[in-house]
Amino acid sequence: MIYLEQFTYLLASALFIIGLKYLGSAKTARKGNQYAMMAMAIAIVITLVISGVAGPIQIIVGMVVGGLIGGIIAKKIEMTEMPQMVALFNGFGGIASTLVAYSEYLEPTTLPVTLDVNITLILSLFIGTVTLTGSLVAFAKLQGIMPGRPLVLPLHQLLNFLLMVGVVVFGVMYVMEPAVPMWPLLIIAVAAIFGVTFVIPIGGADMPVVIALLNSYSGLAAAATGFVLSNNVLIIAGALVGASGLILTQLMCDAMNRSLFNVLFGAVGTDDSSGNDGAAGGGEQKTVTRYTAEDAAMIMDTIQSVIIVPGYGLAVAQAQHILHELGELLTARGINVKYAIHPVAGRMPGHMNVLLAEANVPYDVLYEMDDINDEFQNTDVALIIGANDVVNPSARTKKDSPLYGMPILNVDYARTVMFVKRSMGAGFAGEANPLFFDDKTMMVFGDAKAVVTGLVKSLKEDD
Amino acid sequence: MESLIVSIYVFTLAVFIGFELITKVPPLLHTPLMSGSNAISGITVVGALLAANANNWHMSTILGILAIAFAMINVIGGFMVTDRMLGMFKKDKKTDKGAK
């Protein structure tokens, strides 16, 4: 029977891998998700059957309750809230691993408990708990329960260091005296505090990195549990998730030109609201020309191509749907409409694509930065809605700028640059955008939804 | 110790496969990838089922049942929301009723 179980787990592992492979292309992604679903179902069913687990009613109750909660969240969640949901789910993955590991400590499945089981058990308790409390803080920051700005305690790094030392000390004590119930509990307690102190100094704007990293941890926590139980399907699935989260973390850091170290310990970023009002221009008395939506619509009469650059301000204003209508109107007039998506547009990796897809924007007009950056110079209008830092040319030239070196969208190469913004405020990085003052720039101030609606209305009146 | 070595082998190879596969996922799909991996990390449910496998109300059983519930939130919630999201990705404009 043990062979049947092992081979079924192997089948499930293979299906997870095939599923991830199919997730790599928009055409097959849905099928990929279904393969992963199948893998999970197979793993669960064989576990229920082989270990005769199906008996106790409480197990079924646990599955049904969890499944229902998950199902309701999945149905109700708004696409703008995806980052919070992923953060919360990372945390659930973490706590599940901690609970399994602690349960295994209380009543081991195989006796005697060997040294390597004890070591992996510490890892599992530690990673699982850090993932839990870290994710809860990330969730609270994204949901606005906690302020998004970095919270730095006095002697913060020293505190983190001491907590790590604490884990090592308690870990060693535990390995020497596994029977003392205090040690695993102390490890959990220290890990819980560490999860909090690890995430609170990270600013709201850096949350995409943190969610990706915690995503990785939730996978590693599952893998660590697999080590404890010597269960390969847990190890493989956990390792896949761990690798995935790590790659996304690196991509997000690259897109902001920051090192992971700088994100985690730099305490950069001021606020999680887009566009903090106030003169961030640094007191320089430059003037910008204000335009209205009608002025913008008139320009649209004479052009052949437009590249739309959406930022998170668009999502905050819930303007995706009206933007899609604008795109359709322009296309109907024979204008070539494309969307340029910066890797950090939105609040998590790939977020902006989902927000636009929800508004029915077909994905073949959404372009990645590298694929579209050469096209701006042959484009009549770059229409920037609710974005700032990702189009700030200072990133190329101004060496003392916090943005310096960050890859940006080359909107300043377009013949006309149109900004739709709430105010003159600088972006997260606090760096003024010299493009606002350029002669070819049109600033249209106002809420993204109101302005785009005005644009659509003016264009329709022309028809 | 033997089984730990095997586990480390399996883990390391799986990480390499993960890197190979995930680097090929375009940014377009990064959000569904993350919610999908939420679901996959719910694989802990297998461990939870084993931990809860006892006809008693010992602490270890109760913790196992709690773990089942948390992991199942990830499994069902993660897969469903990923499917919902991927269903929104449409290719060309032919299916778009709004266009003239």
# chains A, B, ... in the order shown; residues from 1 in each chain; ligands from 1
$ residues_around --residues "stretch 20-34 of chain B" --least-positions-apart "2" --cutoff "6 Å" --atoms "only C-alpha atoms" --output "VMD selection string"
(chain A and resid 21 24 244 349 to 351 353) or (chain B and resid 17 to 18 36 to 37 82)
$ write_last_selection --atoms "C-alpha atoms" --output "short mmCIF file (atom, residue, chain, number, x, y, z; two decimals), in the first residue's frame"
data_model
loop_
_atom_site.label_atom_id
_atom_site.label_comp_id
_atom_site.auth_asym_id
_atom_site.auth_seq_id
_atom_site.Cartn_x
_atom_site.Cartn_y
_atom_site.Cartn_z
CA LYS A 21 4.30 25.08 -17.02
CA GLY A 24 3.38 30.39 -18.33
CA SER A 244 8.17 31.30 -7.59
CA PRO A 349 3.32 41.82 -9.40
CA GLY A 350 1.10 41.89 -12.50
CA HIS A 351 -1.73 43.66 -10.68
CA ASN A 353 -2.91 43.61 -16.02
CA ILE B 17 12.47 23.17 -11.79
CA GLY B 18 10.56 26.00 -10.11
CA GLY B 36 -2.21 30.03 -7.76
CA SER B 37 0.86 29.45 -5.65
CA THR B 82 -7.10 32.24 -9.92
#
$ atom_distance --atom1 "atom CA of A:Thr80" --atom2 "atom CA of A:Val316"
8.2 Å
$ residues_around --residues "stretch 141-156 of chain A" --least-positions-apart "3" --cutoff "10 Å" --atoms "only C-alpha atoms" --output "MDAnalysis selection string"
chainID A and resid 81 83:85 87 135:138 159:162 197:208 265:273 347
$ select_by_dssp --residues "chain B" --states "helix (DSSP H, G or I)" --output "MDAnalysis selection string"
chainID B and resid 2:23 27:41 44:51 59:86
$ write_last_selection --atoms "C-alpha atoms" --output "tab-separated table (two decimals), in the first residue's frame"
chain	number	residue	atom	x	y	z
B	2	GLU	CA	19.11	8.89	5.26
B	3	SER	CA	15.64	10.26	4.67
B	4	LEU	CA	16.81	13.82	5.33
B	5	ILE	CA	19.38	13.48	2.56
B	6	VAL	CA	16.71	12.22	0.16
B	7	SER	CA	14.47	15.13	1.17
B	8	ILE	CA	17.23	17.64	0.51
B	9	TYR	CA	17.78	16.10	-2.94
B	10	VAL	CA	14.12	16.32	-3.80
B	11	PHE	CA	13.83	19.87	-2.48
B	12	THR	CA	16.87	21.14	-4.36
B	13	LEU	CA	15.80	19.63	-7.67
B	14	ALA	CA	12.27	20.98	-7.24
B	15	VAL	CA	13.63	24.48	-6.60
B	16	PHE	CA	15.57	24.27	-9.87
B	17	ILE	CA	12.47	23.17	-11.79
B	18	GLY	CA	10.56	26.00	-10.11
B	19	PHE	CA	13.11	28.59	-11.23
B	20	GLU	CA	13.07	27.22	-14.78
B	21	LEU	CA	9.29	27.28	-15.03
B	22	ILE	CA	8.56	30.55	-13.27
B	23	THR	CA	11.12	32.68	-15.14
B	27	PRO	CA	4.40	39.71	-16.09
B	28	LEU	CA	0.88	39.65	-17.52
B	29	LEU	CA	0.24	36.53	-15.44
B	30	HIS	CA	2.16	37.32	-12.28
B	31	THR	CA	-0.88	38.02	-10.11
B	32	PRO	CA	-2.66	34.76	-11.06
B	33	LEU	CA	0.67	33.01	-10.52
B	34	MET	CA	0.80	34.33	-6.97
B	35	SER	CA	-2.77	33.41	-6.12
B	36	GLY	CA	-2.21	30.03	-7.76
B	37	SER	CA	0.86	29.45	-5.65
B	38	ASN	CA	-1.21	30.39	-2.61
B	39	ALA	CA	-3.39	27.43	-3.50
B	40	ILE	CA	-0.42	25.14	-4.11
B	41	SER	CA	1.14	26.03	-0.74
B	44	THR	CA	0.13	21.44	3.82
B	45	VAL	CA	-3.42	20.08	4.04
B	46	VAL	CA	-1.91	16.63	3.40
B	47	GLY	CA	0.23	16.98	6.52
B	48	ALA	CA	-2.73	18.39	8.42
B	49	LEU	CA	-4.90	15.40	7.50
B	50	LEU	CA	-2.26	13.06	8.90
B	51	ALA	CA	-1.93	15.16	12.06
B	59	MET	CA	-4.37	18.83	21.51
B	60	SER	CA	-2.47	17.46	18.54
B	61	THR	CA	-5.70	16.36	16.86
B	62	ILE	CA	-7.38	19.72	17.43
B	63	LEU	CA	-4.38	21.58	16.02
B	64	GLY	CA	-4.48	19.25	13.03
B	65	ILE	CA	-8.13	20.07	12.38
B	66	LEU	CA	-7.42	23.80	12.62
B	67	ALA	CA	-4.56	23.32	10.17
B	68	ILE	CA	-6.92	21.50	7.78
B	69	ALA	CA	-9.32	24.45	7.84
B	70	PHE	CA	-6.59	27.06	7.24
B	71	ALA	CA	-4.98	25.04	4.46
B	72	MET	CA	-8.34	24.43	2.79
B	73	ILE	CA	-9.03	28.18	2.74
B	74	ASN	CA	-5.86	28.48	0.67
B	75	VAL	CA	-6.64	25.52	-1.56
B	76	ILE	CA	-10.23	26.37	-2.47
B	77	GLY	CA	-9.87	30.16	-2.27
B	78	GLY	CA	-6.59	30.19	-4.20
B	79	PHE	CA	-7.71	27.97	-7.06
B	80	MET	CA	-11.12	29.63	-7.40
B	81	VAL	CA	-9.84	33.19	-7.45
B	82	THR	CA	-7.10	32.24	-9.92
B	83	ASP	CA	-9.66	30.67	-12.22
B	84	ARG	CA	-11.89	33.73	-11.87
B	85	MET	CA	-9.01	36.03	-12.76
B	86	LEU	CA	-7.80	33.98	-15.71
$ atom_distance --atom1 "atom CA of A:Asn232" --atom2 "atom CA of A:Leu111"
19.4 Å
$ residues_around --residues "A:Gly19" --least-positions-apart "2" --cutoff "7 Å" --atoms "only C-alpha atoms" --output "list of chain:residue names"
A:Leu15, A:Phe16, A:Ile17, A:Lys21, A:Tyr22, A:Leu23, A:Gly32, A:Asn33, A:Tyr35, A:Ala36
$ select_by_dssp --residues "stretch 389-427 of chain A" --states "strand (DSSP E or B)" --output "PDB file with C-alpha atoms, in the first residue's frame"
ATOM      1  CA  THR A 416       2.827  65.026 -26.672  1.00  0.00           C
ATOM      2  CA  VAL A 417       2.726  63.936 -23.059  1.00  0.00           C
ATOM      3  CA  MET A 418      -0.573  64.096 -21.215  1.00  0.00           C
ATOM      4  CA  PHE A 419      -0.730  63.653 -17.452  1.00  0.00           C
ATOM      5  CA  VAL A 420      -3.994  62.985 -15.684  1.00  0.00           C
ATOM      6  CA  LYS A 421      -3.227  63.538 -12.009  1.00  0.00           C
TER       7      LYS A 421
END
$ residues_around --residues "A:Ala243" --least-positions-apart "2" --cutoff "7 Å" --atoms "only C-alpha atoms" --output "ChimeraX atom specification"
/A:216,239-241,245-247 /B:15,18-19
